[in-house]
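Participant: Provided below: final18.txt, containing compact mmCIF, N, CA and C atoms.
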# COMPACT_ATOMS: atom_id res chain seq x y z
N GLN M 184 0.84 -1.19 0.00
CA GLN M 184 0.00 0.00 0.00
C GLN M 184 0.88 1.25 0.00
N VAL M 185 0.53 2.20 -0.83
CA VAL M 185 1.26 3.46 -0.91
C VAL M 185 0.32 4.57 -0.49
N GLN M 186 0.70 5.31 0.54
CA GLN M 186 -0.11 6.43 1.00
C GLN M 186 0.51 7.73 0.53
N LEU M 187 -0.29 8.52 -0.17
CA LEU M 187 0.19 9.78 -0.72
C LEU M 187 -0.37 10.94 0.08
N LEU M 188 0.43 11.99 0.19
CA LEU M 188 0.00 13.16 0.94
C LEU M 188 0.35 14.41 0.15
N GLU M 189 -0.68 15.19 -0.17
CA GLU M 189 -0.47 16.46 -0.85
C GLU M 189 -0.42 17.60 0.16
N SER M 190 0.27 18.64 -0.20
CA SER M 190 0.29 19.85 0.62
C SER M 190 0.56 21.04 -0.28
N GLY M 191 0.32 22.22 0.25
CA GLY M 191 0.64 23.44 -0.48
C GLY M 191 -0.56 24.20 -1.02
N GLY M 192 -1.75 23.63 -0.92
CA GLY M 192 -2.92 24.34 -1.38
C GLY M 192 -3.19 25.58 -0.55
N ASP M 193 -3.79 26.57 -1.19
CA ASP M 193 -4.04 27.83 -0.50
C ASP M 193 -5.00 28.65 -1.34
N THR M 194 -5.32 29.84 -0.86
CA THR M 194 -6.10 30.81 -1.61
C THR M 194 -5.15 31.90 -2.10
N VAL M 195 -5.17 32.15 -3.39
CA VAL M 195 -4.31 33.16 -3.98
C VAL M 195 -5.13 34.03 -4.93
N GLN M 196 -4.59 35.16 -5.25
CA GLN M 196 -5.23 36.06 -6.20
C GLN M 196 -4.88 35.64 -7.62
N PRO M 197 -5.71 36.01 -8.58
CA PRO M 197 -5.37 35.73 -9.98
C PRO M 197 -3.99 36.28 -10.32
N GLY M 198 -3.24 35.48 -11.07
CA GLY M 198 -1.87 35.85 -11.41
C GLY M 198 -0.84 35.36 -10.42
N GLY M 199 -1.31 34.85 -9.30
CA GLY M 199 -0.39 34.37 -8.27
C GLY M 199 0.17 33.00 -8.57
N SER M 200 1.00 32.53 -7.65
CA SER M 200 1.67 31.24 -7.81
C SER M 200 1.53 30.40 -6.55
N LEU M 201 1.57 29.10 -6.74
CA LEU M 201 1.59 28.14 -5.65
C LEU M 201 2.46 26.97 -6.05
N ARG M 202 3.04 26.30 -5.07
CA ARG M 202 3.73 25.05 -5.34
C ARG M 202 3.12 23.97 -4.47
N LEU M 203 2.59 22.96 -5.13
CA LEU M 203 2.03 21.80 -4.44
C LEU M 203 3.11 20.74 -4.31
N SER M 204 3.03 19.99 -3.23
CA SER M 204 3.97 18.89 -2.99
C SER M 204 3.20 17.60 -2.78
N CYS M 205 3.81 16.52 -3.19
CA CYS M 205 3.23 15.19 -2.99
C CYS M 205 4.33 14.28 -2.47
N THR M 206 4.09 13.67 -1.34
CA THR M 206 5.04 12.71 -0.78
C THR M 206 4.36 11.37 -0.59
N ALA M 207 5.17 10.32 -0.55
CA ALA M 207 4.68 8.97 -0.30
C ALA M 207 5.14 8.54 1.08
N SER M 208 4.18 8.18 1.91
CA SER M 208 4.50 7.85 3.29
C SER M 208 5.43 6.66 3.39
N GLY M 209 6.59 6.89 4.04
CA GLY M 209 7.48 5.79 4.33
C GLY M 209 8.27 5.22 3.18
N ARG M 210 8.22 5.89 2.02
CA ARG M 210 8.97 5.36 0.89
C ARG M 210 9.27 6.47 -0.09
N THR M 211 10.00 6.13 -1.12
CA THR M 211 10.26 7.08 -2.20
C THR M 211 9.34 6.77 -3.38
N PHE M 212 9.42 7.59 -4.39
CA PHE M 212 8.65 7.38 -5.62
C PHE M 212 9.43 6.56 -6.64
N GLY M 213 10.48 5.92 -6.22
CA GLY M 213 11.25 5.10 -7.13
C GLY M 213 10.38 4.04 -7.80
N GLY M 214 10.34 4.03 -9.13
CA GLY M 214 9.54 3.06 -9.85
C GLY M 214 8.11 3.50 -10.14
N PHE M 215 7.71 4.65 -9.62
CA PHE M 215 6.34 5.11 -9.78
C PHE M 215 6.25 6.29 -10.74
N THR M 216 5.28 6.24 -11.62
CA THR M 216 4.86 7.41 -12.36
C THR M 216 3.87 8.18 -11.48
N VAL M 217 4.04 9.50 -11.41
CA VAL M 217 3.22 10.31 -10.53
C VAL M 217 2.49 11.39 -11.33
N GLY M 218 1.21 11.47 -11.13
CA GLY M 218 0.40 12.45 -11.84
C GLY M 218 -0.32 13.38 -10.90
N TRP M 219 -0.70 14.53 -11.43
CA TRP M 219 -1.57 15.47 -10.73
C TRP M 219 -2.88 15.57 -11.49
N PHE M 220 -3.96 15.52 -10.73
CA PHE M 220 -5.29 15.68 -11.27
C PHE M 220 -6.00 16.74 -10.44
N ARG M 221 -7.10 17.24 -10.95
CA ARG M 221 -7.87 18.21 -10.18
C ARG M 221 -9.35 18.02 -10.44
N GLN M 222 -10.13 18.44 -9.46
CA GLN M 222 -11.57 18.37 -9.59
C GLN M 222 -12.20 19.63 -9.02
N ALA M 223 -12.88 20.35 -9.88
CA ALA M 223 -13.58 21.56 -9.47
C ALA M 223 -15.02 21.20 -9.08
N PRO M 224 -15.66 22.02 -8.27
CA PRO M 224 -17.04 21.72 -7.85
C PRO M 224 -17.95 21.54 -9.05
N GLY M 225 -18.69 20.45 -9.04
CA GLY M 225 -19.65 20.19 -10.10
C GLY M 225 -19.04 19.69 -11.40
N LYS M 226 -17.74 19.46 -11.40
CA LYS M 226 -17.07 19.01 -12.62
C LYS M 226 -16.39 17.67 -12.39
N GLU M 227 -16.09 17.01 -13.48
CA GLU M 227 -15.37 15.74 -13.39
C GLU M 227 -13.89 15.99 -13.11
N ARG M 228 -13.27 14.99 -12.54
CA ARG M 228 -11.84 15.05 -12.33
C ARG M 228 -11.13 15.14 -13.67
N GLU M 229 -10.08 15.96 -13.73
CA GLU M 229 -9.35 16.10 -14.98
C GLU M 229 -7.85 15.99 -14.75
N PHE M 230 -7.20 15.53 -15.77
CA PHE M 230 -5.74 15.40 -15.77
C PHE M 230 -5.11 16.78 -15.81
N VAL M 231 -4.02 16.93 -15.05
CA VAL M 231 -3.26 18.18 -15.06
C VAL M 231 -1.85 17.95 -15.61
N SER M 232 -1.13 17.02 -15.00
CA SER M 232 0.26 16.81 -15.40
C SER M 232 0.73 15.47 -14.88
N VAL M 233 1.82 14.95 -15.47
CA VAL M 233 2.37 13.68 -15.03
C VAL M 233 3.86 13.67 -15.31
N ILE M 234 4.59 12.96 -14.45
CA ILE M 234 6.01 12.74 -14.66
C ILE M 234 6.25 11.24 -14.63
N ARG M 235 6.86 10.75 -15.67
CA ARG M 235 7.08 9.30 -15.78
C ARG M 235 8.29 8.89 -14.96
N TRP M 236 8.23 7.72 -14.39
CA TRP M 236 9.34 7.19 -13.62
C TRP M 236 10.56 7.02 -14.52
N ASN M 237 10.35 6.41 -15.65
CA ASN M 237 11.46 6.07 -16.54
C ASN M 237 11.82 7.26 -17.41
N GLY M 238 12.87 7.95 -17.06
CA GLY M 238 13.33 9.07 -17.86
C GLY M 238 12.81 10.42 -17.41
N GLY M 239 11.79 10.42 -16.58
CA GLY M 239 11.28 11.68 -16.04
C GLY M 239 10.59 12.57 -17.05
N ARG M 240 10.11 11.99 -18.15
CA ARG M 240 9.43 12.82 -19.14
C ARG M 240 8.13 13.34 -18.54
N THR M 241 7.78 14.55 -18.94
CA THR M 241 6.59 15.20 -18.37
C THR M 241 5.56 15.50 -19.45
N TYR M 242 4.30 15.54 -19.02
CA TYR M 242 3.19 15.83 -19.92
C TYR M 242 2.23 16.75 -19.18
N TYR M 243 1.52 17.58 -19.96
CA TYR M 243 0.62 18.55 -19.37
C TYR M 243 -0.70 18.61 -20.13
N ALA M 244 -1.74 18.97 -19.40
CA ALA M 244 -2.99 19.31 -20.06
C ALA M 244 -2.80 20.62 -20.80
N ASP M 245 -3.49 20.78 -21.90
CA ASP M 245 -3.36 22.01 -22.68
C ASP M 245 -3.70 23.25 -21.85
N SER M 246 -4.63 23.10 -20.93
CA SER M 246 -5.10 24.24 -20.15
C SER M 246 -4.04 24.79 -19.19
N VAL M 247 -3.01 23.99 -18.89
CA VAL M 247 -2.00 24.44 -17.94
C VAL M 247 -0.61 24.54 -18.56
N LYS M 248 -0.49 24.11 -19.79
CA LYS M 248 0.83 24.11 -20.44
C LYS M 248 1.39 25.52 -20.49
N GLY M 249 2.64 25.64 -20.08
CA GLY M 249 3.30 26.94 -20.06
C GLY M 249 3.13 27.69 -18.75
N ARG M 250 2.20 27.24 -17.91
CA ARG M 250 1.98 27.89 -16.61
C ARG M 250 2.37 26.98 -15.45
N PHE M 251 2.16 25.69 -15.61
CA PHE M 251 2.46 24.72 -14.55
C PHE M 251 3.70 23.92 -14.93
N ALA M 252 4.41 23.46 -13.90
CA ALA M 252 5.58 22.63 -14.12
C ALA M 252 5.64 21.54 -13.06
N ILE M 253 5.77 20.30 -13.50
CA ILE M 253 5.90 19.17 -12.58
C ILE M 253 7.37 18.80 -12.49
N SER M 254 7.79 18.43 -11.30
CA SER M 254 9.18 18.03 -11.11
C SER M 254 9.27 17.09 -9.91
N ARG M 255 10.43 16.51 -9.73
CA ARG M 255 10.65 15.66 -8.57
C ARG M 255 12.03 15.95 -8.03
N ASP M 256 12.21 15.75 -6.73
CA ASP M 256 13.53 16.02 -6.18
C ASP M 256 14.45 14.83 -6.44
N SER M 257 15.74 15.06 -6.24
CA SER M 257 16.74 14.09 -6.65
C SER M 257 16.67 12.80 -5.84
N ASP M 258 16.12 12.86 -4.62
CA ASP M 258 16.03 11.63 -3.83
C ASP M 258 14.70 10.93 -4.01
N LEU M 259 13.88 11.45 -4.95
CA LEU M 259 12.61 10.84 -5.34
C LEU M 259 11.62 10.74 -4.20
N LYS M 260 11.73 11.63 -3.22
CA LYS M 260 10.80 11.60 -2.10
C LYS M 260 9.61 12.52 -2.29
N THR M 261 9.76 13.50 -3.16
CA THR M 261 8.70 14.50 -3.33
C THR M 261 8.52 14.82 -4.81
N VAL M 262 7.28 14.95 -5.21
CA VAL M 262 6.93 15.44 -6.55
C VAL M 262 6.22 16.78 -6.36
N TYR M 263 6.60 17.74 -7.16
CA TYR M 263 6.08 19.09 -7.03
C TYR M 263 5.23 19.46 -8.24
N LEU M 264 4.31 20.36 -8.02
CA LEU M 264 3.58 20.99 -9.11
C LEU M 264 3.67 22.50 -8.88
N GLN M 265 4.53 23.13 -9.64
CA GLN M 265 4.65 24.58 -9.58
C GLN M 265 3.59 25.19 -10.48
N MET M 266 2.77 26.04 -9.90
CA MET M 266 1.66 26.63 -10.64
C MET M 266 1.83 28.14 -10.66
N ASN M 267 1.97 28.67 -11.84
CA ASN M 267 2.16 30.11 -12.02
C ASN M 267 1.00 30.71 -12.80
N ASP M 268 0.86 32.02 -12.70
CA ASP M 268 -0.18 32.74 -13.43
C ASP M 268 -1.55 32.08 -13.24
N LEU M 269 -1.87 31.83 -12.00
CA LEU M 269 -3.11 31.13 -11.68
C LEU M 269 -4.32 31.98 -12.05
N ALA M 270 -5.37 31.30 -12.45
CA ALA M 270 -6.61 31.93 -12.86
C ALA M 270 -7.78 31.32 -12.08
N PRO M 271 -8.89 32.01 -11.99
CA PRO M 271 -10.03 31.46 -11.23
C PRO M 271 -10.44 30.07 -11.70
N GLU M 272 -10.27 29.78 -12.97
CA GLU M 272 -10.64 28.45 -13.47
C GLU M 272 -9.70 27.35 -13.01
N ASP M 273 -8.61 27.72 -12.37
CA ASP M 273 -7.73 26.72 -11.78
C ASP M 273 -8.20 26.29 -10.39
N THR M 274 -9.21 26.93 -9.88
CA THR M 274 -9.74 26.58 -8.57
C THR M 274 -10.28 25.15 -8.58
N ALA M 275 -9.77 24.34 -7.66
CA ALA M 275 -10.14 22.93 -7.61
C ALA M 275 -9.44 22.27 -6.43
N VAL M 276 -9.85 21.05 -6.14
CA VAL M 276 -9.06 20.20 -5.27
C VAL M 276 -8.06 19.47 -6.15
N TYR M 277 -6.80 19.56 -5.77
CA TYR M 277 -5.73 18.94 -6.54
C TYR M 277 -5.28 17.65 -5.85
N TYR M 278 -5.19 16.60 -6.65
CA TYR M 278 -4.81 15.28 -6.14
C TYR M 278 -3.55 14.80 -6.83
N CYS M 279 -2.68 14.17 -6.06
CA CYS M 279 -1.61 13.44 -6.72
C CYS M 279 -1.97 11.96 -6.72
N ALA M 280 -1.46 11.28 -7.72
CA ALA M 280 -1.74 9.87 -7.91
C ALA M 280 -0.49 9.18 -8.40
N ALA M 281 -0.36 7.92 -8.09
CA ALA M 281 0.85 7.18 -8.48
C ALA M 281 0.51 5.77 -8.91
N ASP M 282 1.34 5.26 -9.78
CA ASP M 282 1.19 3.88 -10.22
C ASP M 282 2.50 3.40 -10.79
N ARG M 283 2.71 2.11 -10.73
CA ARG M 283 3.96 1.54 -11.23
C ARG M 283 3.93 1.23 -12.71
N ASN M 284 2.82 0.78 -13.18
CA ASN M 284 2.79 0.19 -14.52
C ASN M 284 1.81 0.91 -15.42
N LEU M 285 2.25 2.04 -15.91
CA LEU M 285 1.39 2.80 -16.81
C LEU M 285 2.03 2.92 -18.18
N ILE M 286 1.28 2.61 -19.18
CA ILE M 286 1.78 2.81 -20.54
C ILE M 286 1.44 4.24 -20.97
N LEU M 287 2.06 4.66 -22.04
CA LEU M 287 1.93 6.05 -22.47
C LEU M 287 0.47 6.46 -22.65
N SER M 288 -0.32 5.59 -23.22
CA SER M 288 -1.71 5.94 -23.50
C SER M 288 -2.57 6.04 -22.25
N SER M 289 -2.06 5.61 -21.11
CA SER M 289 -2.84 5.62 -19.86
C SER M 289 -2.48 6.75 -18.93
N LEU M 290 -1.46 7.52 -19.27
CA LEU M 290 -0.93 8.51 -18.34
C LEU M 290 -1.96 9.56 -17.94
N ARG M 291 -2.87 9.90 -18.84
CA ARG M 291 -3.84 10.96 -18.56
C ARG M 291 -5.17 10.44 -18.02
N ASP M 292 -5.24 9.12 -17.79
CA ASP M 292 -6.48 8.49 -17.36
C ASP M 292 -6.39 8.18 -15.87
N GLY M 293 -7.10 8.95 -15.07
CA GLY M 293 -7.04 8.75 -13.63
C GLY M 293 -7.46 7.37 -13.18
N ALA M 294 -8.32 6.73 -13.93
CA ALA M 294 -8.79 5.39 -13.56
C ALA M 294 -7.68 4.36 -13.58
N GLN M 295 -6.57 4.67 -14.23
CA GLN M 295 -5.45 3.73 -14.32
C GLN M 295 -4.50 3.80 -13.13
N TYR M 296 -4.68 4.79 -12.28
CA TYR M 296 -3.77 4.97 -11.15
C TYR M 296 -4.32 4.24 -9.92
N ASP M 297 -3.45 3.52 -9.24
CA ASP M 297 -3.87 2.74 -8.07
C ASP M 297 -3.86 3.53 -6.77
N TYR M 298 -2.99 4.52 -6.68
CA TYR M 298 -2.79 5.20 -5.40
C TYR M 298 -3.10 6.68 -5.53
N TRP M 299 -3.83 7.20 -4.55
CA TRP M 299 -4.28 8.59 -4.56
C TRP M 299 -4.09 9.23 -3.19
N GLY M 300 -3.82 10.52 -3.22
CA GLY M 300 -3.82 11.29 -1.99
C GLY M 300 -5.21 11.81 -1.67
N GLN M 301 -5.30 12.54 -0.58
CA GLN M 301 -6.60 13.03 -0.12
C GLN M 301 -6.98 14.37 -0.75
N GLY M 302 -6.03 14.98 -1.41
CA GLY M 302 -6.29 16.24 -2.10
C GLY M 302 -5.94 17.47 -1.28
N THR M 303 -5.67 18.55 -1.99
CA THR M 303 -5.39 19.84 -1.36
C THR M 303 -6.12 20.92 -2.14
N GLN M 304 -6.76 21.82 -1.44
CA GLN M 304 -7.62 22.81 -2.07
C GLN M 304 -6.80 23.99 -2.58
N VAL M 305 -7.04 24.33 -3.83
CA VAL M 305 -6.46 25.54 -4.42
C VAL M 305 -7.62 26.44 -4.83
N THR M 306 -7.62 27.65 -4.32
CA THR M 306 -8.66 28.62 -4.64
C THR M 306 -8.00 29.86 -5.20
N VAL M 307 -8.45 30.27 -6.37
CA VAL M 307 -7.92 31.47 -7.01
C VAL M 307 -9.06 32.48 -7.08
N SER M 308 -8.92 33.53 -6.32
CA SER M 308 -10.00 34.50 -6.20
C SER M 308 -9.45 35.85 -5.80
N SER M 309 -10.07 36.88 -6.33
CA SER M 309 -9.69 38.23 -5.94
C SER M 309 -10.54 38.71 -4.77
Turn the structure described in the file into structure tokens.
Facilitator:
Amino acid sequence: QVQLLESGGDTVQPGGSLRLSCTASGRTFGGFTVGWFRQAPGKEREFVSVIRWNGGRTYYADSVKGRFAISRDSDLKTVYLQMNDLAPEDTAVYYCAADRNLILSSLRDGAQYDYWGQGTQVTVSS
């Protein structure tokens, strides 16, 4: 069992920045692909970004490309989501998710991930 914990959510003004963190309790992310998803009130969960275990390649939803950046630290204990130029439509609960065995075509599909955190609230409002 892998327990994930997100942190860093907050309320910011439009144009502001936040950095979300995701850690795995008692272990590293070695061997795991880690994704970020979000769910706004009344909307379905949507893919935000992912970093692959093998090679660290990253992918983004079109809605966040150029504004968000996913990364991981060198000891593979934390995955970050740097969010810049935030807009009200970015308001959502943000979740990190992890899985060992994801093929390229599954990276953006939350149903393919076995492990999820409890989420952290991001609110963008003036």
Participant: Counting all atoms listed in the file, which residue out of M:Glu229, M:Asn284, M:Gln265, M:Asp273 sits closest to Leu203 (chain M)?
Facilitator: M:Gln265
Participant: Given the choices M:Thr206, M:Thr216, M:Ser246, M:Asn237, which gets closest to Leu285 (chain M) if the distance is worked out from only C-alpha atoms?
Facilitator: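 Closest residue, counting only C-alpha atoms: M:Thr216.
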Participant: Might you pull out every residue within 7 Å of Ser232 (chain M), with only N, CA and C atoms counted and same-chain residues fewer than 4 positions away left off, and present them as JSON, numbers by chain?
Facilitator: {"M": [217, 218, 219, 220, 241, 242, 243, 244, 253]}
Participant: Could you check the closest approach to Leu259 (chain M) for each of M:Arg283, M:Arg235, M:Arg210, M:Arg291 and tell me which residue wins, using all atoms listed in the file?
Facilitator: M:Arg210
Participant: Return as a ChimeraX atom specification the full set of residues in region 205-286 of chain M whose backbone-based DSSP assignment is strand (DSSP E or B).
Facilitator: /M:205-207,216-222,229-234,241-243,251-255,261-266,275-282
Participant: Fewer than 5 positions away in the same chain doesn't count, so skip those; otherwise give me all residues within 8 Å of Arg221 (chain M), counting all atoms listed in the file, as a list in words.
Facilitator: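 The residues satisfying every condition are Lys226, Glu227, Arg228, Glu229, Phe230, Val231, Ser232, Thr274, Ala275, Val276, Tyr277, Tyr278 and Cys279 of chain M.
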Participant: Taking only N, CA and C atoms into account, which of M:Glu272, M:Val185, M:Asp193, M:Ser254 comes nearest Thr303 (chain M)?
Facilitator: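 Checking each of M:Glu272, M:Val185, M:Asp193, M:Ser254 against Thr303 (chain M), counting only N, CA and C atoms, the winner is M:Asp193.
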Participant: To one decimal in Å, tell me the separation between atom C of Arg250 (chain M) and CA of Ser208 (chain M).
Facilitator: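 Going from atom C of Arg250 (chain M) over to CA of Ser208 (chain M) covers 26.9 Å.
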Participant: Would you please work out which residue, of M:Ser204, M:Ser308, M:Gln295, M:Gln301, is nearest to Val262 (chain M) when using only N, CA and C atoms?
Facilitator: M:Ser204
Participant: May I have all residues of chain M that DSSP, computed from the backbone, assigns to helix (DSSP H, G or I), given as a PyMOL selection string?
Facilitator: chain M and resi 271-273+287-289+293-295
Participant: Using only C-alpha atoms, pick whichever of M:Leu264, M:Ile234, M:Val195, M:Ala270 has the shortest atom-to-atom distance to Phe212 (chain M).
Facilitator: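 Looking only at the distances to Phe212 (chain M), the closest residue turns out to be M:Ile234.
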Participant: What does the distance from CA of Asp297 (chain M) to CA of Lys260 (chain M) come to in Å, to one decimal?
Facilitator: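 Answer for the CA of Asp297 (chain M) to CA of Lys260 (chain M) separation: 18.1 Å.
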Participant: In Å, with one decimal, what is the gap from atom C of Ala294 (chain M) to CA of Arg240 (chain M)?
Facilitator: 19.9 Å
Participant: Neighbouring residues of Leu201 (chain M) were defined as those with any atom within 7 Å, considering all atoms listed in the file; residues of the same chain fewer than 4 positions away were excluded. Please report them as a PyMOL selection string.
Facilitator: chain M and resi 191+264-269
